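Here the structure is laid out as structure tokens; the discussion comes afterwards.
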Amino acid sequence: AAPGDELAALLRETQATLSALLHGVSPDLSPAASQPSEAEDLATAFEELQVAEEELRVQNVELLEARDALDAERRRYLELFDFAPDGSLVTSFAGIVQEANRAAATLFGLEPRHLAGKPLWLFVADAEREAFLANLGRLQEHQGGKALRWETSMQSRQGVLFAASLAVAPVHNPQGQAAGLRWLIRDVTERKQTQEALRASEEHYRRLFNSMSEGFALHEIVCDAEGRPMDYQFLAANPAFESLTGLKQEQIQGRTVLEVLPEQGSGRSHDTG
């Protein structure tokens, strides 16, 4: 039973004893007449006990409601933590895993309970481990500092590498003291692959653009307030264009034709569309 229930039971027992005394009967003694002053004192004590019991009942209800609210809040936190789409970890300042959600367990190929107690750097690729430990050292030195973010290469227990974006911030205890580190780990392998594919594609077309024997320039049409073409801006030019026209890319890039060749006149610029 809860402490409040035990105290309420004790108060009820005391009330029963006082009630019996008020009627001149004690549970352990034979009936006897009570003095008027004693009866008044007992009546007053009885009323005070009734008031105390009611106050205790109200306080007990409030405590139960507060406990239920706290339990509900804790369940919501655990659900948000456990079912977050990104890996979430809590570690000591030394980087030892204390808590891990399902997404983190999936990334590292382990059950959450098996992650607990393991150094996080074990899941960092060998080539990135030194830099990871250096950042961990900075977090240890500045325990109350701001969040630290960086990207690195991590690996699962099975040795599968993945690109990871890390965000790390201190965790504080109820007294406001830094007690550990909270990690948000996101697998950005697909994004990295997309960026690399785009970079490779840009490099391929840049080489093709620069190796063309025909002069080629990329332009953007400039329109007036009514939307009519009035000029165009140089965006890029290949070496063949430079050789044929004598116009160097660094001299024309970002400028309009009327700025580069003012003698063309505004009338000619309307024919650029």
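Going by the structure tokens order, chains are called A, B, ..., each with residues numbered from 1, while ligands are numbered from 1 in the order shown.
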**Study point:** Members of region 74-221 of chain A assigned strand (DSSP E) by DSSP, as a PyMOL selection string
**Key:** chain A and resi 87-91+97-100+148-155+161-172+178-187+217-221
Take the residues from that selection and put them in a file with N, CA and C atoms, as a CSV table (one decimal), in the first residue's frame.
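File written: out-v3.csv
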```
chain,number,residue,atom,x,y,z
A,87,GLY,N,19.2,7.7,-35.6
A,87,GLY,CA,19.8,7.1,-34.5
A,87,GLY,C,20.0,8.1,-33.3
A,88,SER,N,19.6,7.7,-32.1
A,88,SER,CA,19.8,8.5,-31.0
A,88,SER,C,20.5,7.7,-29.9
A,89,LEU,N,21.5,8.3,-29.3
A,89,LEU,CA,22.3,7.7,-28.2
A,89,LEU,C,22.5,8.6,-27.1
A,90,VAL,N,22.6,8.0,-25.9
A,90,VAL,CA,23.1,8.8,-24.7
A,90,VAL,C,24.4,8.1,-24.3
A,91,THR,N,25.5,8.8,-24.1
A,91,THR,CA,26.8,8.3,-23.7
A,91,THR,C,27.3,9.1,-22.5
A,97,VAL,N,28.4,4.1,-24.5
A,97,VAL,CA,27.0,4.1,-24.7
A,97,VAL,C,26.2,3.7,-23.5
A,98,GLN,N,25.2,4.5,-23.1
A,98,GLN,CA,24.3,4.2,-22.0
A,98,GLN,C,22.9,3.8,-22.4
A,99,GLU,N,22.4,4.5,-23.5
A,99,GLU,CA,21.1,4.3,-24.0
A,99,GLU,C,21.2,4.3,-25.5
A,100,ALA,N,20.4,3.5,-26.2
A,100,ALA,CA,20.3,3.6,-27.7
A,100,ALA,C,18.9,3.3,-28.1
A,148,LEU,N,27.9,20.2,-31.0
A,148,LEU,CA,29.0,20.0,-32.0
A,148,LEU,C,28.5,19.2,-33.2
A,149,ARG,N,28.7,19.6,-34.4
A,149,ARG,CA,28.2,18.9,-35.6
A,149,ARG,C,29.4,18.6,-36.5
A,150,TRP,N,29.4,17.4,-37.1
A,150,TRP,CA,30.4,17.1,-38.1
A,150,TRP,C,29.9,15.8,-38.8
A,151,GLU,N,30.6,15.5,-39.9
A,151,GLU,CA,30.3,14.3,-40.7
A,151,GLU,C,31.5,13.4,-40.7
A,152,THR,N,31.2,12.1,-40.6
A,152,THR,CA,32.3,11.1,-40.6
A,152,THR,C,31.9,9.9,-41.2
A,153,SER,N,32.7,8.9,-41.2
A,153,SER,CA,32.4,7.6,-41.8
A,153,SER,C,32.3,6.6,-40.6
A,154,MET,N,31.2,5.9,-40.5
A,154,MET,CA,31.0,4.9,-39.4
A,154,MET,C,30.7,3.5,-40.0
A,155,GLN,N,30.6,2.5,-39.2
A,155,GLN,CA,30.5,1.2,-39.7
A,155,GLN,C,29.6,0.4,-38.7
A,161,LEU,N,30.2,0.0,-44.1
A,161,LEU,CA,30.5,1.5,-43.9
A,161,LEU,C,29.3,2.3,-44.3
A,162,PHE,N,29.1,3.4,-43.6
A,162,PHE,CA,28.1,4.4,-44.0
A,162,PHE,C,28.5,5.8,-43.6
A,163,ALA,N,28.1,6.8,-44.5
A,163,ALA,CA,28.4,8.2,-44.1
A,163,ALA,C,27.4,8.6,-43.1
A,164,ALA,N,28.0,9.3,-42.0
A,164,ALA,CA,27.1,9.7,-40.9
A,164,ALA,C,27.3,11.2,-40.6
A,165,SER,N,26.1,11.8,-40.4
A,165,SER,CA,26.1,13.2,-39.9
A,165,SER,C,25.8,13.1,-38.4
A,166,LEU,N,26.7,13.7,-37.6
A,166,LEU,CA,26.6,13.7,-36.1
A,166,LEU,C,26.3,15.0,-35.6
A,167,ALA,N,25.4,15.0,-34.6
A,167,ALA,CA,25.1,16.2,-33.8
A,167,ALA,C,25.1,15.8,-32.3
A,168,VAL,N,26.0,16.5,-31.5
A,168,VAL,CA,26.2,16.0,-30.2
A,168,VAL,C,26.0,17.2,-29.2
A,169,ALA,N,25.3,17.0,-28.1
A,169,ALA,CA,25.0,18.1,-27.2
A,169,ALA,C,25.1,17.5,-25.8
A,170,PRO,N,25.4,18.3,-24.7
A,170,PRO,CA,25.4,17.8,-23.4
A,170,PRO,C,24.0,17.4,-22.9
A,171,VAL,N,23.9,16.4,-22.0
A,171,VAL,CA,22.7,16.0,-21.3
A,171,VAL,C,22.9,16.5,-19.8
A,172,HIS,N,21.9,17.2,-19.3
A,172,HIS,CA,22.0,17.7,-17.9
A,172,HIS,C,21.1,17.0,-17.0
A,178,ALA,N,26.0,19.1,-16.3
A,178,ALA,CA,26.3,18.2,-17.4
A,178,ALA,C,26.6,16.8,-16.9
A,179,ALA,N,25.8,15.8,-17.5
A,179,ALA,CA,25.9,14.4,-17.0
A,179,ALA,C,26.3,13.5,-18.1
A,180,GLY,N,26.4,13.9,-19.3
A,180,GLY,CA,26.7,13.0,-20.4
A,180,GLY,C,26.5,13.7,-21.7
A,181,LEU,N,26.4,12.9,-22.8
A,181,LEU,CA,26.2,13.4,-24.1
A,181,LEU,C,25.1,12.7,-24.9
A,182,ARG,N,24.3,13.5,-25.6
A,182,ARG,CA,23.3,13.0,-26.4
A,182,ARG,C,23.7,13.1,-27.9
A,183,TRP,N,23.6,12.0,-28.6
A,183,TRP,CA,24.1,11.9,-30.0
A,183,TRP,C,22.9,11.7,-30.9
A,184,LEU,N,22.9,12.5,-32.0
A,184,LEU,CA,21.9,12.2,-33.1
A,184,LEU,C,22.7,11.8,-34.3
A,185,ILE,N,22.5,10.6,-34.8
A,185,ILE,CA,23.3,10.1,-35.9
A,185,ILE,C,22.4,9.8,-37.1
A,186,ARG,N,22.7,10.4,-38.2
A,186,ARG,CA,21.9,10.2,-39.4
A,186,ARG,C,22.7,9.6,-40.5
A,187,ASP,N,22.2,8.6,-41.2
A,187,ASP,CA,22.8,8.0,-42.3
A,187,ASP,C,22.6,8.9,-43.5
A,217,ALA,N,29.1,29.5,-76.0
A,217,ALA,CA,28.9,30.4,-74.8
A,217,ALA,C,27.5,30.1,-74.3
A,218,LEU,N,27.4,30.1,-73.0
A,218,LEU,CA,26.1,29.9,-72.3
A,218,LEU,C,25.6,31.3,-71.9
A,219,HIS,N,24.3,31.6,-72.2
A,219,HIS,CA,23.8,32.9,-71.9
A,219,HIS,C,22.5,32.8,-71.1
A,220,GLU,N,22.1,33.9,-70.5
A,220,GLU,CA,20.8,34.0,-69.9
A,220,GLU,C,20.1,35.2,-70.4
A,221,ILE,N,18.9,35.1,-70.9
A,221,ILE,CA,18.2,36.3,-71.4
A,221,ILE,C,17.8,37.2,-70.3
```
Practice item. Would you list the contacts of Leu115 (chain A) as a ChimeraX atom specification, taking every protein, DNA or RNA residue within 10 Å and counting only C-alpha atoms, but skipping same-chain residues closer than 3 positions in sequence? Key: /A:89,96-101,104-105,108-112,118-120
**Study point:** Residues near Arg255 (chain A), cut-off 6 Å, only C-alpha atoms, skip fewer than 2 positions along chain, as a PyMOL selection string
**Key:** chain A and resi 233-234+252-253
Just write the chosen residues, C-alpha atoms, as an mmCIF file, in the first residue's frame.
```cif
data_model
loop_
_atom_site.group_PDB
_atom_site.id
_atom_site.type_symbol
_atom_site.label_atom_id
_atom_site.label_comp_id
_atom_site.auth_asym_id
_atom_site.auth_seq_id
_atom_site.Cartn_x
_atom_site.Cartn_y
_atom_site.Cartn_z
ATOM 1 C CA GLN A 233 24.115 37.776 -69.764
ATOM 2 C CA PHE A 234 27.206 35.634 -70.260
ATOM 3 C CA ILE A 252 32.638 38.461 -69.702
ATOM 4 C CA GLN A 253 31.211 36.040 -67.113
#
```
Review point. Looking at A:Thr256, A:Gln195, A:Ser201, A:Thr245, which one is nearest to Cys223 (chain A), with distances taken over only C-alpha atoms?
Key: A:Thr256
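Take the candidates A:Gly159, A:Gly117, A:Gly215, A:Gly145 and check each one against Ala240 (chain A) using only C-alpha atoms; the shortest distance goes to A:Gly215.
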Which parts of region 84-161 of chain A does DSSP call alpha helix (DSSP H) when run on the backbone here, written out as a PDB file with N, CA and C atoms, in the first residue's frame?
```
ATOM      1  N   ARG A 102      16.080   2.302 -31.412  1.00  0.00           N
ATOM      2  CA  ARG A 102      16.026   1.242 -32.428  1.00  0.00           C
ATOM      3  C   ARG A 102      16.787   1.623 -33.695  1.00  0.00           C
ATOM      4  N   ALA A 103      16.657   2.903 -34.080  1.00  0.00           N
ATOM      5  CA  ALA A 103      17.341   3.336 -35.309  1.00  0.00           C
ATOM      6  C   ALA A 103      18.853   3.211 -35.162  1.00  0.00           C
ATOM      7  N   ALA A 104      19.391   3.561 -33.991  1.00  0.00           N
ATOM      8  CA  ALA A 104      20.833   3.422 -33.759  1.00  0.00           C
ATOM      9  C   ALA A 104      21.234   1.959 -33.794  1.00  0.00           C
ATOM     10  N   ALA A 105      20.409   1.108 -33.197  1.00  0.00           N
ATOM     11  CA  ALA A 105      20.700  -0.323 -33.199  1.00  0.00           C
ATOM     12  C   ALA A 105      20.726  -0.869 -34.621  1.00  0.00           C
ATOM     13  N   THR A 106      19.802  -0.381 -35.461  1.00  0.00           N
ATOM     14  CA  THR A 106      19.772  -0.822 -36.859  1.00  0.00           C
ATOM     15  C   THR A 106      21.023  -0.369 -37.604  1.00  0.00           C
ATOM     16  N   LEU A 107      21.436   0.874 -37.385  1.00  0.00           N
ATOM     17  CA  LEU A 107      22.638   1.390 -38.042  1.00  0.00           C
ATOM     18  C   LEU A 107      23.865   0.555 -37.700  1.00  0.00           C
ATOM     19  N   PHE A 108      23.974   0.158 -36.438  1.00  0.00           N
ATOM     20  CA  PHE A 108      25.181  -0.527 -35.983  1.00  0.00           C
ATOM     21  C   PHE A 108      25.041  -2.051 -35.972  1.00  0.00           C
ATOM     22  N   PRO A 112      19.562  -2.856 -29.126  1.00  0.00           N
ATOM     23  CA  PRO A 112      19.870  -1.721 -28.248  1.00  0.00           C
ATOM     24  C   PRO A 112      20.551  -2.126 -26.949  1.00  0.00           C
ATOM     25  N   ARG A 113      20.115  -3.240 -26.352  1.00  0.00           N
ATOM     26  CA  ARG A 113      20.710  -3.651 -25.072  1.00  0.00           C
ATOM     27  C   ARG A 113      22.160  -4.092 -25.232  1.00  0.00           C
ATOM     28  N   HIS A 114      22.517  -4.533 -26.456  1.00  0.00           N
ATOM     29  CA  HIS A 114      23.890  -4.962 -26.700  1.00  0.00           C
ATOM     30  C   HIS A 114      24.823  -3.787 -27.002  1.00  0.00           C
ATOM     31  N   LEU A 115      24.227  -2.634 -27.332  1.00  0.00           N
ATOM     32  CA  LEU A 115      25.038  -1.430 -27.554  1.00  0.00           C
ATOM     33  C   LEU A 115      25.502  -0.819 -26.232  1.00  0.00           C
ATOM     34  N   ASP A 126      38.149   3.196 -39.321  1.00  0.00           N
ATOM     35  CA  ASP A 126      39.533   3.367 -38.859  1.00  0.00           C
ATOM     36  C   ASP A 126      40.127   4.700 -39.307  1.00  0.00           C
ATOM     37  N   ALA A 127      39.873   5.075 -40.562  1.00  0.00           N
ATOM     38  CA  ALA A 127      40.473   6.295 -41.103  1.00  0.00           C
ATOM     39  C   ALA A 127      39.940   7.558 -40.427  1.00  0.00           C
ATOM     40  N   GLU A 128      38.765   7.462 -39.784  1.00  0.00           N
ATOM     41  CA  GLU A 128      38.132   8.637 -39.172  1.00  0.00           C
ATOM     42  C   GLU A 128      38.226   8.626 -37.649  1.00  0.00           C
ATOM     43  N   ARG A 129      38.807   7.559 -37.078  1.00  0.00           N
ATOM     44  CA  ARG A 129      38.749   7.396 -35.626  1.00  0.00           C
ATOM     45  C   ARG A 129      39.546   8.467 -34.882  1.00  0.00           C
ATOM     46  N   GLU A 130      40.677   8.838 -35.402  1.00  0.00           N
ATOM     47  CA  GLU A 130      41.497   9.841 -34.726  1.00  0.00           C
ATOM     48  C   GLU A 130      40.762  11.180 -34.649  1.00  0.00           C
ATOM     49  N   ALA A 131      40.152  11.584 -35.753  1.00  0.00           N
ATOM     50  CA  ALA A 131      39.401  12.848 -35.765  1.00  0.00           C
ATOM     51  C   ALA A 131      38.195  12.764 -34.834  1.00  0.00           C
ATOM     52  N   PHE A 132      37.550  11.596 -34.782  1.00  0.00           N
ATOM     53  CA  PHE A 132      36.397  11.403 -33.899  1.00  0.00           C
ATOM     54  C   PHE A 132      36.817  11.565 -32.441  1.00  0.00           C
ATOM     55  N   LEU A 133      37.924  10.946 -32.065  1.00  0.00           N
ATOM     56  CA  LEU A 133      38.400  11.028 -30.687  1.00  0.00           C
ATOM     57  C   LEU A 133      38.827  12.454 -30.327  1.00  0.00           C
ATOM     58  N   ALA A 134      39.346  13.176 -31.316  1.00  0.00           N
ATOM     59  CA  ALA A 134      39.717  14.574 -31.071  1.00  0.00           C
ATOM     60  C   ALA A 134      38.473  15.406 -30.764  1.00  0.00           C
ATOM     61  N   ASN A 135      37.392  15.197 -31.509  1.00  0.00           N
ATOM     62  CA  ASN A 135      36.142  15.915 -31.237  1.00  0.00           C
ATOM     63  C   ASN A 135      35.553  15.499 -29.893  1.00  0.00           C
ATOM     64  N   LEU A 136      35.661  14.214 -29.570  1.00  0.00           N
ATOM     65  CA  LEU A 136      35.177  13.742 -28.275  1.00  0.00           C
ATOM     66  C   LEU A 136      35.964  14.403 -27.146  1.00  0.00           C
ATOM     67  N   GLY A 137      37.255  14.582 -27.343  1.00  0.00           N
ATOM     68  CA  GLY A 137      38.079  15.267 -26.351  1.00  0.00           C
ATOM     69  C   GLY A 137      37.644  16.702 -26.144  1.00  0.00           C
ATOM     70  N   ARG A 138      37.262  17.388 -27.230  1.00  0.00           N
ATOM     71  CA  ARG A 138      36.784  18.769 -27.101  1.00  0.00           C
ATOM     72  C   ARG A 138      35.465  18.814 -26.314  1.00  0.00           C
ATOM     73  N   LEU A 139      34.624  17.819 -26.544  1.00  0.00           N
ATOM     74  CA  LEU A 139      33.364  17.762 -25.804  1.00  0.00           C
ATOM     75  C   LEU A 139      33.610  17.504 -24.321  1.00  0.00           C
ATOM     76  N   GLN A 140      34.617  16.717 -24.011  1.00  0.00           N
ATOM     77  CA  GLN A 140      34.954  16.457 -22.616  1.00  0.00           C
ATOM     78  C   GLN A 140      35.494  17.710 -21.935  1.00  0.00           C
ATOM     79  N   GLU A 141      36.262  18.500 -22.661  1.00  0.00           N
ATOM     80  CA  GLU A 141      36.848  19.722 -22.092  1.00  0.00           C
ATOM     81  C   GLU A 141      35.800  20.795 -21.851  1.00  0.00           C
TER      82      GLU A 141
END
```
Long-range neighbours of Phe209 (chain A) as a CSV table (one decimal) with N, CA, C and O atoms, in the first residue's frame, 12 Å cut-off, only C-alpha atoms, 5 positions minimum in chain:
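As a result, around.csv now contains:
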```
chain,number,residue,atom,x,y,z
A,202,GLU,N,28.9,16.9,-63.5
A,202,GLU,CA,29.3,18.3,-63.8
A,202,GLU,C,30.7,18.3,-64.4
A,202,GLU,O,31.0,19.0,-65.3
A,203,GLU,N,31.6,17.5,-63.8
A,203,GLU,CA,33.0,17.4,-64.3
A,203,GLU,C,33.0,16.8,-65.7
A,203,GLU,O,33.8,17.3,-66.6
A,204,HIS,N,32.2,15.8,-66.0
A,204,HIS,CA,32.1,15.2,-67.3
A,204,HIS,C,31.7,16.3,-68.4
A,204,HIS,O,32.4,16.4,-69.4
A,214,GLU,N,34.2,23.7,-81.5
A,214,GLU,CA,33.3,24.9,-81.8
A,214,GLU,C,33.2,25.8,-80.6
A,214,GLU,O,33.2,25.4,-79.5
A,215,GLY,N,33.2,27.1,-81.0
A,215,GLY,CA,33.0,28.1,-79.9
A,215,GLY,C,31.6,28.0,-79.3
A,215,GLY,O,30.6,27.9,-80.1
A,216,PHE,N,31.6,28.1,-78.0
A,216,PHE,CA,30.3,27.9,-77.4
A,216,PHE,C,30.2,28.8,-76.1
A,216,PHE,O,31.2,28.8,-75.3
A,217,ALA,N,29.1,29.5,-76.0
A,217,ALA,CA,28.9,30.4,-74.8
A,217,ALA,C,27.5,30.1,-74.3
A,217,ALA,O,26.6,30.0,-75.1
A,218,LEU,N,27.4,30.1,-73.0
A,218,LEU,CA,26.1,29.9,-72.3
A,218,LEU,C,25.6,31.3,-71.9
A,218,LEU,O,26.3,32.0,-71.2
A,236,ALA,N,28.9,31.4,-69.2
A,236,ALA,CA,30.2,30.6,-69.3
A,236,ALA,C,30.5,30.6,-70.8
A,236,ALA,O,29.7,30.8,-71.7
A,237,ALA,N,31.8,30.4,-71.1
A,237,ALA,CA,32.3,30.3,-72.4
A,237,ALA,C,33.5,29.3,-72.5
A,237,ALA,O,34.3,29.2,-71.5
A,238,ASN,N,33.6,28.6,-73.6
A,238,ASN,CA,34.6,27.6,-73.7
A,238,ASN,C,35.9,28.2,-74.3
A,238,ASN,O,35.8,29.3,-74.9
A,239,PRO,N,37.0,27.5,-74.2
A,239,PRO,CA,38.2,28.0,-74.8
A,239,PRO,C,38.1,28.3,-76.3
A,239,PRO,O,38.7,29.3,-76.8
A,240,ALA,N,37.3,27.5,-77.1
A,240,ALA,CA,37.2,27.8,-78.5
A,240,ALA,C,36.5,29.1,-78.7
A,240,ALA,O,36.8,29.9,-79.7
A,241,PHE,N,35.5,29.4,-77.9
A,241,PHE,CA,34.8,30.7,-78.0
A,241,PHE,C,35.8,31.9,-77.8
A,241,PHE,O,35.8,32.9,-78.4
```
